[in-house]
file input_6.pdb (PDB, C-alpha atoms)
ATOM      1  CA  MET A  63     -15.195 -10.267   5.223  1.00  0.00           C
ATOM      2  CA  PHE A  64     -17.858  -7.728   6.133  1.00  0.00           C
ATOM      3  CA  ILE A  65     -20.062  -6.603   9.002  1.00  0.00           C
ATOM      4  CA  GLN A  66     -23.698  -5.598   8.553  1.00  0.00           C
ATOM      5  CA  ILE A  67     -24.401  -2.342  10.412  1.00  0.00           C
ATOM      6  CA  GLY A  68     -27.924  -1.107   9.813  1.00  0.00           C
ATOM      7  CA  ASP A  69     -28.461  -0.629   6.072  1.00  0.00           C
ATOM      8  CA  PHE A  70     -24.720  -0.720   5.417  1.00  0.00           C
ATOM      9  CA  GLU A  71     -22.119  -3.433   4.885  1.00  0.00           C
ATOM     10  CA  ILE A  72     -18.640  -2.521   6.145  1.00  0.00           C
ATOM     11  CA  TYR A  73     -15.841  -4.313   4.267  1.00  0.00           C
ATOM     12  CA  GLU A  74     -12.154  -4.947   4.681  1.00  0.00           C
ATOM     13  CA  TYR A  75     -10.421  -3.883   1.482  1.00  0.00           C
ATOM     14  CA  ASP A  76      -9.912  -6.680  -1.033  1.00  0.00           C
ATOM     15  CA  LYS A  77      -7.615  -5.640  -3.867  1.00  0.00           C
ATOM     16  CA  ASN A  78      -9.042  -8.466  -6.001  1.00  0.00           C
ATOM     17  CA  ASN A  79     -12.568  -6.995  -5.870  1.00  0.00           C
ATOM     18  CA  LEU A  80     -13.085  -4.744  -8.906  1.00  0.00           C
ATOM     19  CA  ASP A  81     -15.857  -2.687  -7.269  1.00  0.00           C
ATOM     20  CA  GLN A  82     -13.666  -1.977  -4.237  1.00  0.00           C
ATOM     21  CA  ARG A  83     -10.700  -1.090  -6.438  1.00  0.00           C
ATOM     22  CA  HIS A  84     -12.904   1.275  -8.432  1.00  0.00           C
ATOM     23  CA  LEU A  85     -14.100   3.085  -5.281  1.00  0.00           C
ATOM     24  CA  LYS A  86     -10.522   3.340  -3.976  1.00  0.00           C
ATOM     25  CA  TYR A  87      -9.437   4.816  -7.313  1.00  0.00           C
ATOM     26  CA  ILE A  88     -12.246   7.390  -7.275  1.00  0.00           C
ATOM     27  CA  LEU A  89     -11.466   8.474  -3.707  1.00  0.00           C
ATOM     28  CA  ASN A  90      -7.743   8.634  -4.504  1.00  0.00           C
ATOM     29  CA  HIS A  91      -8.510  11.111  -7.302  1.00  0.00           C
ATOM     30  CA  ASN A  92     -11.057  13.219  -5.416  1.00  0.00           C
ATOM     31  CA  ASP A  93      -9.483  16.497  -4.292  1.00  0.00           C
ATOM     32  CA  ASP A  94     -12.139  17.147  -1.637  1.00  0.00           C
ATOM     33  CA  PHE A  95     -11.496  13.745  -0.054  1.00  0.00           C
ATOM     34  CA  LEU A  96      -7.714  14.069  -0.252  1.00  0.00           C
ATOM     35  CA  LYS A  97      -7.807  17.428   1.569  1.00  0.00           C
ATOM     36  CA  TYR A  98      -8.972  15.657   4.720  1.00  0.00           C
ATOM     37  CA  VAL A  99      -6.961  12.441   4.536  1.00  0.00           C
ATOM     38  CA  THR A 100      -3.474  12.639   5.975  1.00  0.00           C
ATOM     39  CA  LYS A 101      -2.249   9.393   4.405  1.00  0.00           C
ATOM     40  CA  LYS A 102      -2.888   7.848   1.045  1.00  0.00           C
ATOM     41  CA  ILE A 103      -5.984   5.690   1.041  1.00  0.00           C
ATOM     42  CA  GLU A 104      -3.945   2.609   0.021  1.00  0.00           C
ATOM     43  CA  GLU A 105      -2.013   2.812   3.295  1.00  0.00           C
ATOM     44  CA  ARG A 106      -5.180   3.361   5.300  1.00  0.00           C
ATOM     45  CA  LEU A 107      -7.049   0.444   3.772  1.00  0.00           C
ATOM     46  CA  LYS A 108      -4.190  -1.954   4.538  1.00  0.00           C
ATOM     47  CA  GLU A 109      -4.742  -1.209   8.258  1.00  0.00           C
ATOM     48  CA  GLY A 110      -8.400  -2.306   8.365  1.00  0.00           C
ATOM     49  CA  LYS A 111      -9.160  -5.568  10.116  1.00  0.00           C
ATOM     50  CA  ILE A 112     -12.502  -6.982  11.130  1.00  0.00           C
ATOM     51  CA  LEU A 113     -11.794  -8.536  14.502  1.00  0.00           C
ATOM     52  CA  PRO A 114     -13.011 -11.909  15.765  1.00  0.00           C
ATOM     53  CA  GLY A 115     -16.458 -11.425  17.214  1.00  0.00           C
ATOM     54  CA  ARG A 116     -17.290  -9.159  14.248  1.00  0.00           C
ATOM     55  CA  GLY A 117     -15.740  -5.964  15.574  1.00  0.00           C
ATOM     56  CA  LEU A 118     -14.002  -3.155  13.737  1.00  0.00           C
ATOM     57  CA  SER A 119     -10.444  -2.245  14.619  1.00  0.00           C
ATOM     58  CA  ILE A 120      -9.730   1.194  16.032  1.00  0.00           C
ATOM     59  CA  ASP A 121      -7.162   2.659  13.605  1.00  0.00           C
ATOM     60  CA  GLY A 122      -8.839   0.668  10.856  1.00  0.00           C
ATOM     61  CA  SER A 123     -10.147   1.817   7.475  1.00  0.00           C
ATOM     62  CA  TYR A 124     -13.045   0.210   5.632  1.00  0.00           C
ATOM     63  CA  LEU A 125     -15.207   0.492   2.532  1.00  0.00           C
ATOM     64  CA  VAL A 126     -18.965   0.959   2.815  1.00  0.00           C
ATOM     65  CA  LYS A 127     -21.576  -0.770   0.664  1.00  0.00           C
ATOM     66  CA  TYR A 128     -25.175   0.443   0.461  1.00  0.00           C
ATOM     67  CA  LYS A 129     -27.958  -1.189  -1.565  1.00  0.00           C
ATOM     68  CA  GLY A 130     -25.460  -3.395  -3.372  1.00  0.00           C
ATOM     69  CA  GLU A 131     -22.973  -0.675  -4.345  1.00  0.00           C
ATOM     70  CA  PHE A 132     -19.750   0.543  -2.777  1.00  0.00           C
ATOM     71  CA  VAL A 133     -20.506   4.132  -1.826  1.00  0.00           C
ATOM     72  CA  GLY A 134     -17.853   5.291   0.620  1.00  0.00           C
ATOM     73  CA  TYR A 135     -15.058   4.921   3.111  1.00  0.00           C
ATOM     74  CA  ILE A 136     -14.788   5.102   6.903  1.00  0.00           C
ATOM     75  CA  ARG A 137     -11.876   5.173   9.325  1.00  0.00           C
ATOM     76  CA  LEU A 138     -11.930   4.828  13.103  1.00  0.00           C
ATOM     77  CA  GLU A 139      -8.914   6.445  14.725  1.00  0.00           C
ATOM     78  CA  ASN A 140      -7.422   8.108  17.772  1.00  0.00           C
ATOM     79  CA  LEU A 141      -9.279   6.618  20.711  1.00  0.00           C
ATOM     80  CA  ARG A 142      -8.269   9.115  23.363  1.00  0.00           C
ATOM     81  CA  TRP A 143      -7.896   8.678  27.107  1.00  0.00           C
ATOM     82  CA  ASN A 144     -11.265  10.394  27.673  1.00  0.00           C
ATOM     83  CA  GLY A 145     -13.108   7.949  25.383  1.00  0.00           C
ATOM     84  CA  THR A 146     -13.500  10.146  22.319  1.00  0.00           C
ATOM     85  CA  LEU A 147     -13.023   8.497  18.943  1.00  0.00           C
ATOM     86  CA  ASP A 148     -12.382  10.241  15.631  1.00  0.00           C
ATOM     87  CA  ILE A 149     -14.358   9.009  12.646  1.00  0.00           C
ATOM     88  CA  GLU A 150     -13.228   9.929   9.157  1.00  0.00           C
ATOM     89  CA  TRP A 151     -15.553   9.275   6.231  1.00  0.00           C
ATOM     90  CA  ALA A 152     -16.056   9.990   2.577  1.00  0.00           C
ATOM     91  CA  VAL A 153     -18.795   9.301   0.054  1.00  0.00           C
ATOM     92  CA  SER A 154     -17.975   8.718  -3.584  1.00  0.00           C
ATOM     93  CA  PRO A 155     -18.863  11.768  -5.712  1.00  0.00           C
ATOM     94  CA  GLU A 156     -21.501   9.815  -7.633  1.00  0.00           C
ATOM     95  CA  PHE A 157     -23.385   9.186  -4.355  1.00  0.00           C
ATOM     96  CA  GLN A 158     -23.039  12.627  -2.811  1.00  0.00           C
ATOM     97  CA  ASN A 159     -25.991  14.946  -2.113  1.00  0.00           C
ATOM     98  CA  GLN A 160     -28.130  11.986  -1.023  1.00  0.00           C
ATOM     99  CA  LYS A 161     -27.447  12.404   2.727  1.00  0.00           C
ATOM    100  CA  LEU A 162     -25.513   9.103   2.719  1.00  0.00           C
ATOM    101  CA  GLY A 163     -22.569  10.581   4.642  1.00  0.00           C
ATOM    102  CA  THR A 164     -24.880  11.664   7.451  1.00  0.00           C
ATOM    103  CA  LYS A 165     -26.608   8.284   7.462  1.00  0.00           C
ATOM    104  CA  ILE A 166     -23.283   6.400   7.501  1.00  0.00           C
ATOM    105  CA  VAL A 167     -21.903   8.431  10.422  1.00  0.00           C
ATOM    106  CA  ARG A 168     -25.137   8.278  12.416  1.00  0.00           C
ATOM    107  CA  THR A 169     -25.558   4.506  11.909  1.00  0.00           C
ATOM    108  CA  LEU A 170     -21.890   3.796  12.631  1.00  0.00           C
ATOM    109  CA  SER A 171     -21.870   6.024  15.741  1.00  0.00           C
ATOM    110  CA  GLU A 172     -24.915   4.265  17.202  1.00  0.00           C
ATOM    111  CA  TRP A 173     -23.303   0.883  16.522  1.00  0.00           C
ATOM    112  CA  ILE A 174     -20.003   1.970  18.122  1.00  0.00           C
ATOM    113  CA  PHE A 175     -21.753   3.218  21.282  1.00  0.00           C
ATOM    114  CA  LYS A 176     -23.500  -0.167  21.631  1.00  0.00           C
ATOM    115  CA  ASN A 177     -20.418  -2.302  20.935  1.00  0.00           C
ATOM    116  CA  TYR A 178     -17.432  -0.409  22.338  1.00  0.00           C
ATOM    117  CA  GLN A 179     -17.782   0.391  26.029  1.00  0.00           C
ATOM    118  CA  GLN A 180     -14.538   2.434  26.061  1.00  0.00           C
ATOM    119  CA  VAL A 181     -16.072   5.034  23.696  1.00  0.00           C
TER     120      VAL A 181
END
call {"tool": "encode", "arguments": {"input": "input_6.pdb", "output": "C-alpha cells"}}
result
Amino acid sequence: MFIQIGDFEIYEYDKNNLDQRHLKYILNHNDDFLKYVTKKIEERLKEGKILPGRGLSIDGSYLVKYKGEFVGYIRLENLRWNGTLDIEWAVSPEFQNQKLGTKIVRTLSEWIFKNYQQV
C-alpha cells in the first residue's frame, strides 16, 4: 500500500518487493545513515502502517519512491505535547546531491501540516 504525496509515493515496507529490499540493504550498509538511526532499519520498517483514510502513522517508517525508483526512507516520530514532530529521513547514496532530501522533507512537511491538526 502507498500514499501519493506530491511527486513522491510513500510505501509500507514489503519484504517481498526486490526494489524495497535493495534500498533497505543499501541504507543498512550506509555509515552516514546509520550514524543518525538509533534502531536498525529492519525494526523501524516493521512499525510503519498506512492508516485507514490514507494517513501515515506517527512512529512509523516508510520507503520513498520518486519517478519510479525507491530513493529513500522517512520516519515520523515523537509527537510531543507542544505539537512538534520529529522527521527522520535518508536518501540512498546513488540519489544524493540532487536535492531530493530537501524536496522529500518539504513536501512531507506541507502534507503533514494539512492532514494532522495536532502538529
call {"tool": "resolve_selection", "arguments": {"input": "input_6.pdb", "expression": "the PyMOL selection byres ((chain A and resi 124) around 6)", "output": "ChimeraX atom specification"}}
result
/A:73-74,110,123,125,135-136
call {"tool": "resolve_selection", "arguments": {"input": "input_6.pdb", "expression": "the PyMOL selection byres ((chain A and resi 121) around 8)", "output": "PDB file with C-alpha atoms, keeping the file's coordinate frame"}}
result
ATOM      1  CA  GLU A 109      -4.742  -1.209   8.258  1.00  0.00           C
ATOM      2  CA  GLY A 110      -8.400  -2.306   8.365  1.00  0.00           C
ATOM      3  CA  SER A 119     -10.444  -2.245  14.619  1.00  0.00           C
ATOM      4  CA  ILE A 120      -9.730   1.194  16.032  1.00  0.00           C
ATOM      5  CA  GLY A 122      -8.839   0.668  10.856  1.00  0.00           C
ATOM      6  CA  SER A 123     -10.147   1.817   7.475  1.00  0.00           C
ATOM      7  CA  ARG A 137     -11.876   5.173   9.325  1.00  0.00           C
ATOM      8  CA  LEU A 138     -11.930   4.828  13.103  1.00  0.00           C
ATOM      9  CA  GLU A 139      -8.914   6.445  14.725  1.00  0.00           C
ATOM     10  CA  ASN A 140      -7.422   8.108  17.772  1.00  0.00           C
TER      11      ASN A 140
END
call {"tool": "resolve_selection", "arguments": {"input": "input_6.pdb", "expression": "the PyMOL selection byres ((chain A and resi 154-158) around 10)", "output": "PDB file with C-alpha atoms, in the coordinates of the input"}}
result
ATOM      1  CA  LEU A  85     -14.100   3.085  -5.281  1.00  0.00           C
ATOM      2  CA  LYS A  86     -10.522   3.340  -3.976  1.00  0.00           C
ATOM      3  CA  ILE A  88     -12.246   7.390  -7.275  1.00  0.00           C
ATOM      4  CA  LEU A  89     -11.466   8.474  -3.707  1.00  0.00           C
ATOM      5  CA  ASN A  92     -11.057  13.219  -5.416  1.00  0.00           C
ATOM      6  CA  ASP A  94     -12.139  17.147  -1.637  1.00  0.00           C
ATOM      7  CA  PHE A  95     -11.496  13.745  -0.054  1.00  0.00           C
ATOM      8  CA  GLU A 131     -22.973  -0.675  -4.345  1.00  0.00           C
ATOM      9  CA  PHE A 132     -19.750   0.543  -2.777  1.00  0.00           C
ATOM     10  CA  VAL A 133     -20.506   4.132  -1.826  1.00  0.00           C
ATOM     11  CA  GLY A 134     -17.853   5.291   0.620  1.00  0.00           C
ATOM     12  CA  TYR A 135     -15.058   4.921   3.111  1.00  0.00           C
ATOM     13  CA  ALA A 152     -16.056   9.990   2.577  1.00  0.00           C
ATOM     14  CA  VAL A 153     -18.795   9.301   0.054  1.00  0.00           C
ATOM     15  CA  ASN A 159     -25.991  14.946  -2.113  1.00  0.00           C
ATOM     16  CA  GLN A 160     -28.130  11.986  -1.023  1.00  0.00           C
ATOM     17  CA  LYS A 161     -27.447  12.404   2.727  1.00  0.00           C
ATOM     18  CA  LEU A 162     -25.513   9.103   2.719  1.00  0.00           C
ATOM     19  CA  GLY A 163     -22.569  10.581   4.642  1.00  0.00           C
TER      20      GLY A 163
END
call {"tool": "atom_distance", "arguments": {"input": "input_6.pdb", "atom1": "atom CA of A:Asp76", "atom2": "atom CA of A:Asn177"}}
result
24.7 Å
call {"tool": "closest_residue", "arguments": {"input": "input_6.pdb", "among": "A:Asn78, A:Asn90, A:Asn144, A:Gln66", "to": "A:Ile112", "atoms": "only C-alpha atoms"}}
result
A:Gln66
call {"tool": "closest_residue", "arguments": {"input": "input_6.pdb", "among": "A:Lys129, A:Lys111, A:Arg168, A:Lys77", "to": "A:Phe64", "atoms": "only C-alpha atoms"}}
result
A:Lys111
call {"tool": "atom_distance", "arguments": {"input": "input_6.pdb", "atom1": "atom CA of A:Arg116", "atom2": "atom CA of A:Ile65"}}
result
6.5 Å
call {"tool": "atom_distance", "arguments": {"input": "input_6.pdb", "atom1": "atom CA of A:Asp148", "atom2": "atom CA of A:Lys102"}}
result
17.6 Å
call {"tool": "closest_residue", "arguments": {"input": "input_6.pdb", "among": "A:Val126, A:Val181, A:Leu113, A:Val167", "to": "A:Gly145", "atoms": "only C-alpha atoms"}}
result
A:Val181
call {"tool": "decode", "arguments": {"input": "input_6.pdb", "residues": "chain A", "atoms": "C-alpha atoms", "output": "PDB file, in the first residue's frame"}}
result
ATOM      1  CA  MET A  63       0.000   0.000   0.000  1.00  0.00           C
ATOM      2  CA  PHE A  64       1.212   3.519  -0.716  1.00  0.00           C
ATOM      3  CA  ILE A  65       0.179   7.153  -0.438  1.00  0.00           C
ATOM      4  CA  GLN A  66       0.879   9.721  -3.150  1.00  0.00           C
ATOM      5  CA  ILE A  67       2.299  12.908  -1.607  1.00  0.00           C
ATOM      6  CA  GLY A  68       3.282  15.434  -4.241  1.00  0.00           C
ATOM      7  CA  ASP A  69       5.834  13.860  -6.590  1.00  0.00           C
ATOM      8  CA  PHE A  70       6.531  11.056  -4.124  1.00  0.00           C
ATOM      9  CA  GLU A  71       4.948   7.706  -3.299  1.00  0.00           C
ATOM     10  CA  ILE A  72       5.278   6.688   0.358  1.00  0.00           C
ATOM     11  CA  TYR A  73       5.250   2.906   0.876  1.00  0.00           C
ATOM     12  CA  GLU A  74       4.872   0.475   3.725  1.00  0.00           C
ATOM     13  CA  TYR A  75       7.800  -1.930   3.603  1.00  0.00           C
ATOM     14  CA  ASP A  76       7.117  -5.137   1.692  1.00  0.00           C
ATOM     15  CA  LYS A  77       9.865  -7.703   2.198  1.00  0.00           C
ATOM     16  CA  ASN A  78       8.737  -9.474  -0.991  1.00  0.00           C
ATOM     17  CA  ASN A  79       9.475  -6.403  -3.145  1.00  0.00           C
ATOM     18  CA  LEU A  80      13.023  -6.675  -4.517  1.00  0.00           C
ATOM     19  CA  ASP A  81      13.409  -2.914  -5.064  1.00  0.00           C
ATOM     20  CA  GLN A  82      12.392  -2.193  -1.466  1.00  0.00           C
ATOM     21  CA  ARG A  83      14.710  -4.897  -0.144  1.00  0.00           C
ATOM     22  CA  HIS A  84      17.559  -3.436  -2.188  1.00  0.00           C
ATOM     23  CA  LEU A  85      17.005   0.071  -0.763  1.00  0.00           C
ATOM     24  CA  LYS A  86      16.795  -1.321   2.786  1.00  0.00           C
ATOM     25  CA  TYR A  87      20.068  -3.183   2.222  1.00  0.00           C
ATOM     26  CA  ILE A  88      21.813  -0.057   0.918  1.00  0.00           C
ATOM     27  CA  LEU A  89      20.633   2.062   3.856  1.00  0.00           C
ATOM     28  CA  ASN A  90      21.612  -0.684   6.310  1.00  0.00           C
ATOM     29  CA  HIS A  91      25.174  -0.545   4.952  1.00  0.00           C
ATOM     30  CA  ASN A  92      25.475   3.244   4.732  1.00  0.00           C
ATOM     31  CA  ASP A  93      27.579   4.569   7.612  1.00  0.00           C
ATOM     32  CA  ASP A  94      26.249   8.125   7.273  1.00  0.00           C
ATOM     33  CA  PHE A  95      22.659   6.889   7.562  1.00  0.00           C
ATOM     34  CA  LEU A  96      23.419   4.535  10.447  1.00  0.00           C
ATOM     35  CA  LYS A  97      25.005   7.365  12.469  1.00  0.00           C
ATOM     36  CA  TYR A  98      21.599   9.019  12.772  1.00  0.00           C
ATOM     37  CA  VAL A  99      19.349   5.987  13.179  1.00  0.00           C
ATOM     38  CA  THR A 100      19.003   4.702  16.714  1.00  0.00           C
ATOM     39  CA  LYS A 101      17.473   1.355  15.736  1.00  0.00           C
ATOM     40  CA  LYS A 102      18.176  -0.970  12.874  1.00  0.00           C
ATOM     41  CA  ILE A 103      16.144  -0.107   9.813  1.00  0.00           C
ATOM     42  CA  GLU A 104      14.501  -3.570   9.817  1.00  0.00           C
ATOM     43  CA  GLU A 105      12.911  -2.804  13.191  1.00  0.00           C
ATOM     44  CA  ARG A 106      11.835   0.649  12.064  1.00  0.00           C
ATOM     45  CA  LEU A 107      10.228  -0.538   8.847  1.00  0.00           C
ATOM     46  CA  LYS A 108       8.150  -3.141  10.695  1.00  0.00           C
ATOM     47  CA  GLU A 109       6.475  -0.260  12.590  1.00  0.00           C
ATOM     48  CA  GLY A 110       5.166   1.567   9.501  1.00  0.00           C
ATOM     49  CA  LYS A 111       1.446   1.392   8.855  1.00  0.00           C
ATOM     50  CA  ILE A 112      -0.623   3.380   6.412  1.00  0.00           C
ATOM     51  CA  LEU A 113      -3.797   4.082   8.343  1.00  0.00           C
ATOM     52  CA  PRO A 114      -7.360   3.859   7.038  1.00  0.00           C
ATOM     53  CA  GLY A 115      -8.186   7.136   5.366  1.00  0.00           C
ATOM     54  CA  ARG A 116      -4.699   7.111   3.797  1.00  0.00           C
ATOM     55  CA  GLY A 117      -2.783   8.526   6.746  1.00  0.00           C
ATOM     56  CA  LEU A 118       0.726   7.798   7.947  1.00  0.00           C
ATOM     57  CA  SER A 119       1.286   6.511  11.453  1.00  0.00           C
ATOM     58  CA  ILE A 120       3.260   8.632  13.890  1.00  0.00           C
ATOM     59  CA  ASP A 121       6.133   6.347  14.965  1.00  0.00           C
ATOM     60  CA  GLY A 122       6.011   4.806  11.509  1.00  0.00           C
ATOM     61  CA  SER A 123       8.806   4.275   8.986  1.00  0.00           C
ATOM     62  CA  TYR A 124       8.328   4.231   5.225  1.00  0.00           C
ATOM     63  CA  LEU A 125      10.178   3.960   1.928  1.00  0.00           C
ATOM     64  CA  VAL A 126      10.000   6.752  -0.639  1.00  0.00           C
ATOM     65  CA  LYS A 127       9.637   6.286  -4.392  1.00  0.00           C
ATOM     66  CA  TYR A 128      10.361   9.079  -6.870  1.00  0.00           C
ATOM     67  CA  LYS A 129       9.983   8.843 -10.653  1.00  0.00           C
ATOM     68  CA  GLY A 130       9.552   5.082 -10.459  1.00  0.00           C
ATOM     69  CA  GLU A 131      12.552   4.330  -8.230  1.00  0.00           C
ATOM     70  CA  PHE A 132      12.917   3.809  -4.498  1.00  0.00           C
ATOM     71  CA  VAL A 133      15.136   6.676  -3.397  1.00  0.00           C
ATOM     72  CA  GLY A 134      14.873   6.995   0.371  1.00  0.00           C
ATOM     73  CA  TYR A 135      13.380   6.466   3.783  1.00  0.00           C
ATOM     74  CA  ILE A 136      11.295   8.577   6.167  1.00  0.00           C
ATOM     75  CA  ARG A 137      10.207   8.160   9.771  1.00  0.00           C
ATOM     76  CA  LEU A 138       7.678  10.200  11.732  1.00  0.00           C
ATOM     77  CA  GLU A 139       8.308  10.045  15.463  1.00  0.00           C
ATOM     78  CA  ASN A 140       7.972  11.708  18.839  1.00  0.00           C
ATOM     79  CA  LEU A 141       4.847  13.823  18.585  1.00  0.00           C
ATOM     80  CA  ARG A 142       5.362  15.990  21.639  1.00  0.00           C
ATOM     81  CA  TRP A 143       2.825  17.692  23.877  1.00  0.00           C
ATOM     82  CA  ASN A 144       3.515  21.040  22.165  1.00  0.00           C
ATOM     83  CA  GLY A 145       2.741  19.638  18.693  1.00  0.00           C
ATOM     84  CA  THR A 146       6.276  19.243  17.384  1.00  0.00           C
ATOM     85  CA  LEU A 147       7.018  16.145  15.334  1.00  0.00           C
ATOM     86  CA  ASP A 148      10.444  14.717  14.530  1.00  0.00           C
ATOM     87  CA  ILE A 149      11.037  13.620  10.956  1.00  0.00           C
ATOM     88  CA  GLU A 150      13.962  11.356  10.165  1.00  0.00           C
ATOM     89  CA  TRP A 151      14.945  10.812   6.541  1.00  0.00           C
ATOM     90  CA  ALA A 152      17.638   9.386   4.342  1.00  0.00           C
ATOM     91  CA  VAL A 153      18.312   9.319   0.617  1.00  0.00           C
ATOM     92  CA  SER A 154      20.095   6.398  -0.976  1.00  0.00           C
ATOM     93  CA  PRO A 155      23.703   7.294  -1.870  1.00  0.00           C
ATOM     94  CA  GLU A 156      23.022   6.864  -5.587  1.00  0.00           C
ATOM     95  CA  PHE A 157      20.379   9.633  -5.396  1.00  0.00           C
ATOM     96  CA  GLN A 158      22.239  12.065  -3.168  1.00  0.00           C
ATOM     97  CA  ASN A 159      23.373  15.533  -4.294  1.00  0.00           C
ATOM     98  CA  GLN A 160      20.148  16.009  -6.268  1.00  0.00           C
ATOM     99  CA  LYS A 161      18.319  17.954  -3.516  1.00  0.00           C
ATOM    100  CA  LEU A 162      15.888  15.029  -3.096  1.00  0.00           C
ATOM    101  CA  GLY A 163      16.221  15.024   0.703  1.00  0.00           C
ATOM    102  CA  THR A 164      15.179  18.671   0.852  1.00  0.00           C
ATOM    103  CA  LYS A 165      12.303  18.046  -1.545  1.00  0.00           C
ATOM    104  CA  ILE A 166      11.114  14.990   0.418  1.00  0.00           C
ATOM    105  CA  VAL A 167      11.135  16.838   3.756  1.00  0.00           C
ATOM    106  CA  ARG A 168       9.499  19.968   2.348  1.00  0.00           C
ATOM    107  CA  THR A 169       6.751  18.013   0.536  1.00  0.00           C
ATOM    108  CA  LEU A 170       6.126  15.733   3.518  1.00  0.00           C
ATOM    109  CA  SER A 171       6.055  18.658   5.985  1.00  0.00           C
ATOM    110  CA  GLU A 172       3.474  20.537   3.909  1.00  0.00           C
ATOM    111  CA  TRP A 173       1.346  17.389   3.681  1.00  0.00           C
ATOM    112  CA  ILE A 174       1.594  16.770   7.447  1.00  0.00           C
ATOM    113  CA  PHE A 175       0.532  20.347   8.274  1.00  0.00           C
ATOM    114  CA  LYS A 176      -2.551  19.927   6.050  1.00  0.00           C
ATOM    115  CA  ASN A 177      -3.527  16.472   7.336  1.00  0.00           C
ATOM    116  CA  TYR A 178      -2.549  16.352  11.010  1.00  0.00           C
ATOM    117  CA  GLN A 179      -4.143  19.116  13.061  1.00  0.00           C
ATOM    118  CA  GLN A 180      -2.205  18.117  16.214  1.00  0.00           C
ATOM    119  CA  VAL A 181       1.120  19.057  14.550  1.00  0.00           C
TER     120      VAL A 181
END
